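Have a look at the structure below before the remarks.
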Amino acid sequence: MFQCTSQRLGLSDYKLPSIIRIAPAGLAAVIAGGCALCAIHINILHDLLQLHIDLEAAHHYYANMQLKASILVVGAFLLSACSHMARDRDIPAQSSPAGDSVAGTVQAADSQGNEELSTVETTDATSPQNAELMPPITLPQVDLLTRIKRGFVLPALYSEHVSQYEKWNSEHPTFLKDLFARSEPFLHYIVEQLEKRNLPMELALLPAIESAFKPHAVSRSGAAGLWQFIPATGRHYGLHQDWWYDGRLDVVASTNAALDYLTELNNRFNGDWFLTLAAYNAGQGTIARAIKANHRANRGSSYAELTLRSETERYVPKLMALKNIISNPHEFGVSLPQINNQPHFEILPLDRQIDLRRFAAQSGIDHKRLQNMNAGFIRWATSPYGSHNLLVPVSHLTEATQVMQAISQTPAVSYKNHIVRAGDTLGGISHQYGVSVAALQKTNKLPDSKIVAGRSLYIPVSADADSYSAPTLSDSVNNDNKLFHRVKRGDTLWSIARHYKVKLQQLLTWNGISADQILSLDQTLLVITN
């Protein structure tokens with residue numbers, strides 16, 4: 001009977017607990033004589049399915065009870081059957097509407113699908129004596145990696161590269177441990193956004209391949225953030241970048257931009273997620289050209305059939321190897337961590353610029369933790385331009401009013417006055433105070449880099465400037481490796497980078513400028529040599 005029940009409920013792929021498979025003949029006779037018991041257990045199994053309980057995990061748990069537990073549970077089934085049949089004889093049929101004999105009380109999942117389950121009662125809630133016969137079953141909580149696993153939809157990918165990365169990950173457990181530890185503050189938010197958009201849950205693992213879940217990560221090619229946007233693509237998807245703020249490093253903004261980009265790519269490649277992921281790595285033009293080349297050669301156009309550079313050939317296998325390990329960690333000898341299936345930060349709107357170190361002190365939040373969550377603010381303070389959000393750890397929101405009070409009491413950025421002297425240049429002043437030329441121009445509403453002796457310039461500085469200064473890349477570089485280039489007629493950013501044998505993106509980063517920055521004569525640029 002239980003075999004039929006499992007087929008009807010779609011449980012044929014699961015191993016039911018051994019106590020059900022070895023039920024003695026006496027139990028079978030009782031069940032045959034009382035169809036109400038069958039209905040009870042069908043409803044229990046149905047409820048388990050509705051609550052997304054992992055039946056394989058349940059089997060693993062119950063299998064360890066051995067024979068003694070089996071006898072106890074069989075006895076509970078017999079008592080339940082007798083009680084149920086007795087109650088049916090005592091209650092008139094017309095006063096018992098269908099379904100009243102079983103109360104499925106679930107203290108469970110929140111509205112966001114977090115599936116944190118506590119108990120399921122399988123007795124009449126109005127009958128205390130029945131509750132004593134059938135105690136509540138405590139169900140395991142579902143952690144975030146389990147929730148991710150249940151959202152996997154991409155087909156299997158078999159390749160030599162997948163096997164290589166499976167082997168490498170399984171042989172480096174410390175790497176996986178550190179990876180998931182870094183992912184914990186951000187992963188729940190990413191999962192929530194994927195579910196809202198009905199996108200494959202494999203995409204939640206993409207930052208592991210792109211940045212190893214490091215929000216401050218910057219590649220040699222200038223890609224930045226969890227999702228590794230290059231500057232141009234970031235701006236195209238609304239990620240603003242200036243001296244104060246880089247939207248590519250903003251976890252919330254970049255996640256939504258990345259999902260917009262992936263959705264657009266997926267539409268471009270007719271719903272093929274392997275081609276979509278390859279295009280995210282190499283660019284849609286590269287993948288489109290590879291497909292056209294295969295068409296001309298009468299070859300297929302699937303991801304596995306395309307001729308791509310080594311990095312892109314290995315890109316999707318890296319993701320699929322990680323997916324396979326999460327799907328079946330025991331097969332690879334891997335122990336996965338428990339990540340709480342709940343938000344790890346709250347998004348607070350900001351209506352003013354605040355000094356982040358001062359706010360951390362006011363609110364009692366660790367400054368490094370606050371910086372990690374708010375990597376988009378690349379200076380000591382939030383941006384003074386436009387509206388922004390501040391991410392605050394959930395553990396510090398028990399007193400929300402206290403956090404908001406800390407924001408209101410945190411000093412904003414201060415400004416120093418600099419009187420321009422003969423011979424001063426905007427580039428020299430920017431280096432003196434550690435402020436970009438663009439920030440000085442915007443703060444002082446300068447149309448270009450020309451300044452006049454005797455004029456007062458406003459210089460944005462930390463409210464605590466006497467005790468600390470904002471860290472910059474050049475702070476950690478030996479002075480012997482620093483030099484300053486004074487812009488001459490005919491100089492371009494590209495020619496300066498080539499002259500000193502550095503990358504253009506490095507030159508831009510060192511000086512806090514963008515590639516479209518217009519250079520002015522005598523402007524000073526910082527160059528860091530090897």
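Labeling convention for the structure tokens: chains A, B, ... as they appear, residues from 1 per chain, ligands from 1 in order of appearance.
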
Compile the contact shell of A:Leu507 as a list of chain:residue names: residues with an atom at most 8 Å away, counting only C-alpha atoms, same-chain residues fewer than 4 positions apart removed. A:Leu493, A:Ala497, A:Val502, A:Lys503, A:Asn511, A:Leu526, A:Val527

DSSP strand (DSSP E) residues within stretch 202-371 of chain A, listed as a PyMOL selection string: chain A and resi 345-350

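Considering only C-alpha atoms, the residue among A:Phe269, A:Trp243, A:Phe484, A:Phe152 positioned nearest to A:Ala438 is A:Trp243.
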
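Comparing the minimum interatomic distances between A:Phe175 and each of A:Gly271, A:Arg289, A:Leu336, A:Lys442, counting only C-alpha atoms, we find that A:Leu336 sits nearest.
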
Nearest residue to A:Pro155 from the set A:Arg248, A:Lys501, A:His431, A:Lys323 (distances using only C-alpha atoms): A:Lys323

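The residue set within 8 Å of A:Lys149, counting only C-alpha atoms and dropping same-chain residues fewer than 6 places from it, reads Met201, Lys323, Ile326 and Ser327 of chain A.
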
If you run DSSP on the backbone here, which positions in stretch 198-266 of chain A get alpha helix (DSSP H)? Please write them as a PDB file with N, CA and C atoms, in the first residue's frame.
```pdb
ATOM      1  N   LEU A 206      27.471  32.170  -9.383  1.00  0.00           N
ATOM      2  CA  LEU A 206      28.329  32.846 -10.359  1.00  0.00           C
ATOM      3  C   LEU A 206      29.368  33.765  -9.706  1.00  0.00           C
ATOM      4  N   PRO A 207      29.022  34.501  -8.643  1.00  0.00           N
ATOM      5  CA  PRO A 207      30.069  35.315  -8.002  1.00  0.00           C
ATOM      6  C   PRO A 207      31.233  34.488  -7.450  1.00  0.00           C
ATOM      7  N   ALA A 208      30.984  33.211  -7.157  1.00  0.00           N
ATOM      8  CA  ALA A 208      32.086  32.349  -6.714  1.00  0.00           C
ATOM      9  C   ALA A 208      33.113  32.190  -7.819  1.00  0.00           C
ATOM     10  N   ILE A 209      32.646  32.130  -9.062  1.00  0.00           N
ATOM     11  CA  ILE A 209      33.543  31.967 -10.209  1.00  0.00           C
ATOM     12  C   ILE A 209      34.134  33.312 -10.603  1.00  0.00           C
ATOM     13  N   GLU A 210      33.355  34.358 -10.506  1.00  0.00           N
ATOM     14  CA  GLU A 210      33.800  35.683 -10.947  1.00  0.00           C
ATOM     15  C   GLU A 210      34.780  36.331  -9.959  1.00  0.00           C
ATOM     16  N   PRO A 231      34.106  48.850 -16.494  1.00  0.00           N
ATOM     17  CA  PRO A 231      33.478  50.172 -16.322  1.00  0.00           C
ATOM     18  C   PRO A 231      32.368  50.467 -17.333  1.00  0.00           C
ATOM     19  N   ALA A 232      32.611  50.209 -18.622  1.00  0.00           N
ATOM     20  CA  ALA A 232      31.626  50.565 -19.648  1.00  0.00           C
ATOM     21  C   ALA A 232      30.340  49.775 -19.487  1.00  0.00           C
ATOM     22  N   THR A 233      30.455  48.463 -19.284  1.00  0.00           N
ATOM     23  CA  THR A 233      29.253  47.636 -19.116  1.00  0.00           C
ATOM     24  C   THR A 233      28.512  48.031 -17.847  1.00  0.00           C
ATOM     25  N   GLY A 234      29.265  48.344 -16.797  1.00  0.00           N
ATOM     26  CA  GLY A 234      28.615  48.792 -15.566  1.00  0.00           C
ATOM     27  C   GLY A 234      27.792  50.045 -15.776  1.00  0.00           C
ATOM     28  N   ARG A 235      28.376  51.037 -16.469  1.00  0.00           N
ATOM     29  CA  ARG A 235      27.620  52.270 -16.730  1.00  0.00           C
ATOM     30  C   ARG A 235      26.393  51.981 -17.591  1.00  0.00           C
ATOM     31  N   HIS A 236      26.529  51.070 -18.561  1.00  0.00           N
ATOM     32  CA  HIS A 236      25.401  50.740 -19.436  1.00  0.00           C
ATOM     33  C   HIS A 236      24.222  50.188 -18.634  1.00  0.00           C
ATOM     34  N   VAL A 251      26.832  45.800  -3.619  1.00  0.00           N
ATOM     35  CA  VAL A 251      26.286  44.444  -3.711  1.00  0.00           C
ATOM     36  C   VAL A 251      24.864  44.444  -4.252  1.00  0.00           C
ATOM     37  N   VAL A 252      24.015  45.322  -3.739  1.00  0.00           N
ATOM     38  CA  VAL A 252      22.615  45.357  -4.164  1.00  0.00           C
ATOM     39  C   VAL A 252      22.490  45.842  -5.608  1.00  0.00           C
ATOM     40  N   ALA A 253      23.130  46.963  -5.917  1.00  0.00           N
ATOM     41  CA  ALA A 253      23.024  47.528  -7.267  1.00  0.00           C
ATOM     42  C   ALA A 253      23.634  46.600  -8.311  1.00  0.00           C
ATOM     43  N   SER A 254      24.802  46.031  -8.025  1.00  0.00           N
ATOM     44  CA  SER A 254      25.469  45.186  -9.015  1.00  0.00           C
ATOM     45  C   SER A 254      24.744  43.859  -9.207  1.00  0.00           C
ATOM     46  N   THR A 255      24.144  43.326  -8.137  1.00  0.00           N
ATOM     47  CA  THR A 255      23.381  42.077  -8.287  1.00  0.00           C
ATOM     48  C   THR A 255      22.209  42.272  -9.228  1.00  0.00           C
ATOM     49  N   ASN A 256      21.471  43.344  -9.047  1.00  0.00           N
ATOM     50  CA  ASN A 256      20.327  43.587  -9.925  1.00  0.00           C
ATOM     51  C   ASN A 256      20.767  43.904 -11.352  1.00  0.00           C
ATOM     52  N   ALA A 257      21.878  44.623 -11.506  1.00  0.00           N
ATOM     53  CA  ALA A 257      22.397  44.892 -12.842  1.00  0.00           C
ATOM     54  C   ALA A 257      22.855  43.605 -13.514  1.00  0.00           C
ATOM     55  N   ALA A 258      23.510  42.720 -12.761  1.00  0.00           N
ATOM     56  CA  ALA A 258      23.981  41.451 -13.326  1.00  0.00           C
ATOM     57  C   ALA A 258      22.810  40.578 -13.774  1.00  0.00           C
ATOM     58  N   LEU A 259      21.745  40.544 -12.980  1.00  0.00           N
ATOM     59  CA  LEU A 259      20.585  39.727 -13.365  1.00  0.00           C
ATOM     60  C   LEU A 259      19.865  40.335 -14.570  1.00  0.00           C
ATOM     61  N   ASP A 260      19.856  41.663 -14.672  1.00  0.00           N
ATOM     62  CA  ASP A 260      19.333  42.306 -15.882  1.00  0.00           C
ATOM     63  C   ASP A 260      20.153  41.881 -17.101  1.00  0.00           C
ATOM     64  N   TYR A 261      21.461  41.933 -16.956  1.00  0.00           N
ATOM     65  CA  TYR A 261      22.378  41.601 -18.047  1.00  0.00           C
ATOM     66  C   TYR A 261      22.233  40.131 -18.449  1.00  0.00           C
ATOM     67  N   LEU A 262      22.177  39.238 -17.463  1.00  0.00           N
ATOM     68  CA  LEU A 262      22.034  37.808 -17.756  1.00  0.00           C
ATOM     69  C   LEU A 262      20.703  37.505 -18.428  1.00  0.00           C
ATOM     70  N   THR A 263      19.645  38.172 -17.985  1.00  0.00           N
ATOM     71  CA  THR A 263      18.333  37.974 -18.615  1.00  0.00           C
ATOM     72  C   THR A 263      18.355  38.428 -20.066  1.00  0.00           C
ATOM     73  N   GLU A 264      18.986  39.564 -20.312  1.00  0.00           N
ATOM     74  CA  GLU A 264      19.088  40.074 -21.682  1.00  0.00           C
ATOM     75  C   GLU A 264      19.907  39.121 -22.559  1.00  0.00           C
ATOM     76  N   LEU A 265      21.008  38.622 -22.027  1.00  0.00           N
ATOM     77  CA  LEU A 265      21.823  37.670 -22.785  1.00  0.00           C
ATOM     78  C   LEU A 265      21.059  36.382 -23.065  1.00  0.00           C
ATOM     79  N   ASN A 266      20.290  35.926 -22.084  1.00  0.00           N
ATOM     80  CA  ASN A 266      19.539  34.687 -22.270  1.00  0.00           C
ATOM     81  C   ASN A 266      18.487  34.830 -23.358  1.00  0.00           C
TER      82      ASN A 266
END
```
